[in-house]
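Peer 1: This structure is in structure tokens; I'll ask about it shortly.
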Amino acid sequence: MPGKVAMSGSVRVPPLDLKAQYARIRTEAEAAVARVFESQQFVLGPEVEALEREIAAYLGASHAVGCASGSDAILLALLGLNIQPGDEVVCPAFTFFATAGYVVRAGGIPVFADIDPVTFNLDIASARRALARCTRAKALLPVHLYGQTAPLGEVETLAREAGVSLVEDAAQAIGSWDAEGRKAGTVGAVGCFSFYPTKNLGGCGDGGMLVTSDPEVAERLRVLRSHGSKPAYFHHVVGLNSRLDALQAAVLRVKLKYLDAWTVERRERAAYYDARFSDAGAATSATPLDSGGLPLRTPHPAPTGARHIYHQYVVRVPAESRDALQVHLKAQGVDTMVYYPLPLHLQPCFKYLGYREGEFPEAERAAREVLALPMYPELTEAQQDRVVDGILSALNDT
Ligand SMILES: Cc1ncc(COP(=O)(O)O)c(C=O)c1O
């Protein structure tokens, strides 16, 4: 149909649209950047200190410590909690690489656990088994994947019972909370955040933040991020160079003011996807794909009172059609992503840990079935319709 062809050319749908976000804050962002240039103070300094205070206030945390990336936040958290070479850290097998990669960078051994197929977050029974297998467990490192909190009450209890530190990888989850109102990143000994540009609160380059309620841990983190130097040029510990730039802090301070409004917009867009897919007969991820009906599963609603911030809106589709669906959507101008195509226990660099295929079936199934749809506050209804219609036409043809 000519009309359809014209539409496919005119309505393109990227996975996210940072230019659209920039258009909304251009004047303020440029003023913030100019302020840093006028100051000529580029590393740490007043902008970073102000951001640290503002993030701590936003999260209701006592201390926030800026660093160079979310990955470094994980490394610094583990070093700050005194993880020693050979210590074991339990984390999910299905997450971004840095969660386990930086356990290794800290000298530790990642011990993987499976995920809950409904939420994609850490499976508590599997994490308990992983801890029981350990001989030198030092930390539990859950991830709040896609912007939804891992079961905070349960991970807190599990860490306490096992006598290990709780470190939260909240890189994807700033501003999310659980049904009891506990905010991602504020429950464990240290919470780790990423300001990578694609995150809900993203800078104009790399950046990260650690939060903690313990003043001594906060002080150790500040020392570690600057080569372990205190006072200047005297080193009782070996740290790293992982300081946050003033330019990042200045831009992030502008964006932080809008974060909650953007989260509301993301949640509205998630609700629109939910409604359109549900009208077409899709169940949520609480119903396995192989139980029939439309072969698509939407994110299962977060418990009442909890806030999912939809860093990603991720559906499940049958493994055998996922990649073809992605190609089909791309041809229609819709870009989707697969977060993540290979679970961590099967990554070549972790072969030495000795895991086998089949060991974490839910992590492996998720890697085959997940598809992240375009999600950002500026997404229009016409764009969302295009995504949904493209998916439904492909699924109904199969
Ligand atoms: C779950 C998770 N952990 C850690 C990181 C690492 O953050 P960064 O990219 O800022 O180093 C990311 C970001 O990509 C992430 O998604």
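Following the order of the structure tokens, first chain is A, next is B, and so on, with residues numbered from 1 inside each chain and ligands from 1 in the order they appear.
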Looking only at the backbone, which of the residues in segment 215-366 of chain A does DSSP tag as helix (DSSP H, G or I), as a count of residues only?

Peer 2: 74

Peer 1: Quick one: everything within 7 Å of segment 267-276 of chain A, counting only C-alpha atoms, minus sequence neighbours fewer than 6 positions away in the same chain. Send it as number ranges by chain.

Peer 2: A: 298, 309-310, 313

Peer 1: Those same residues, written as a JSON list (two decimals), in the first residue's frame with N, CA and C atoms?

Peer 2:
```json
[["chain", "number", "residue", "atom", "x", "y", "z"],
["A", 298, "THR", "N", 5.19, -9.51, 27.68],
["A", 298, "THR", "CA", 5.56, -8.15, 28.12],
["A", 298, "THR", "C", 6.15, -8.22, 29.53],
["A", 309, "ILE", "N", 11.72, 1.92, 36.58],
["A", 309, "ILE", "CA", 12.02, 3.16, 35.83],
["A", 309, "ILE", "C", 12.22, 2.90, 34.34],
["A", 310, "TYR", "N", 12.00, 1.66, 33.91],
["A", 310, "TYR", "CA", 12.07, 1.32, 32.48],
["A", 310, "TYR", "C", 13.31, 1.91, 31.80],
["A", 313, "TYR", "N", 12.63, -1.43, 28.07],
["A", 313, "TYR", "CA", 11.36, -2.15, 27.99],
["A", 313, "TYR", "C", 11.65, -3.42, 27.19]]
```

Peer 1: Neighbours of ligand 1 within 6 Å, counting only C-alpha atoms and all ligand atoms, as an NGL selection string?

Peer 2: :A and (69-71 or 95-96 or 98-99 or 143 or 169 or 171-172 or 194-196 or 206-208)

Peer 1: Find the residue from A:Arg253, A:Lys230, A:Lys351, A:His144 that sits nearest to Glu47 of chain A; use only C-alpha atoms when measuring.

Peer 2: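 Answer, going by the shortest atom-to-atom distance: A:Arg253.
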
Peer 1: Skip Ala283 of chain A itself and residues of its chain fewer than 4 positions away, then list as number ranges by chain all residues within 12 Å of it, counting only C-alpha atoms.

Peer 2: A: 118, 274-279, 287-301, 315-317

Peer 1: Would you mind exporting the chosen residues as a PDB file, in the first residue's frame, restricted to C-alpha atoms?

Peer 2:
```
ATOM      1  CA  VAL A 118       9.646 -13.229  35.515  1.00  0.00           C
ATOM      2  CA  ASP A 274       1.665  -2.955  27.693  1.00  0.00           C
ATOM      3  CA  ALA A 275      -1.851  -1.960  26.651  1.00  0.00           C
ATOM      4  CA  ARG A 276      -1.271  -2.402  22.918  1.00  0.00           C
ATOM      5  CA  PHE A 277       0.352  -5.823  23.340  1.00  0.00           C
ATOM      6  CA  SER A 278      -2.259  -6.943  25.841  1.00  0.00           C
ATOM      7  CA  ASP A 279      -5.047  -5.921  23.414  1.00  0.00           C
ATOM      8  CA  THR A 287       3.454 -16.886  31.629  1.00  0.00           C
ATOM      9  CA  PRO A 288       6.096 -19.002  29.861  1.00  0.00           C
ATOM     10  CA  LEU A 289       6.295 -18.422  26.120  1.00  0.00           C
ATOM     11  CA  ASP A 290       5.666 -22.093  25.352  1.00  0.00           C
ATOM     12  CA  SER A 291       2.231 -22.008  26.992  1.00  0.00           C
ATOM     13  CA  GLY A 292       0.653 -20.670  23.801  1.00  0.00           C
ATOM     14  CA  GLY A 293      -1.237 -17.555  22.702  1.00  0.00           C
ATOM     15  CA  LEU A 294       0.501 -14.637  21.011  1.00  0.00           C
ATOM     16  CA  PRO A 295       4.218 -15.527  21.083  1.00  0.00           C
ATOM     17  CA  LEU A 296       5.275 -12.407  22.978  1.00  0.00           C
ATOM     18  CA  ARG A 297       5.584 -11.672  26.693  1.00  0.00           C
ATOM     19  CA  THR A 298       5.562  -8.152  28.116  1.00  0.00           C
ATOM     20  CA  PRO A 299       7.334  -7.149  31.352  1.00  0.00           C
ATOM     21  CA  HIS A 300       5.351  -8.466  34.310  1.00  0.00           C
ATOM     22  CA  PRO A 301       3.989  -5.519  36.330  1.00  0.00           C
ATOM     23  CA  VAL A 315       9.840  -8.383  25.778  1.00  0.00           C
ATOM     24  CA  ARG A 316      10.345 -12.087  25.253  1.00  0.00           C
ATOM     25  CA  VAL A 317       9.764 -13.663  21.857  1.00  0.00           C
TER      26      VAL A 317
END
```
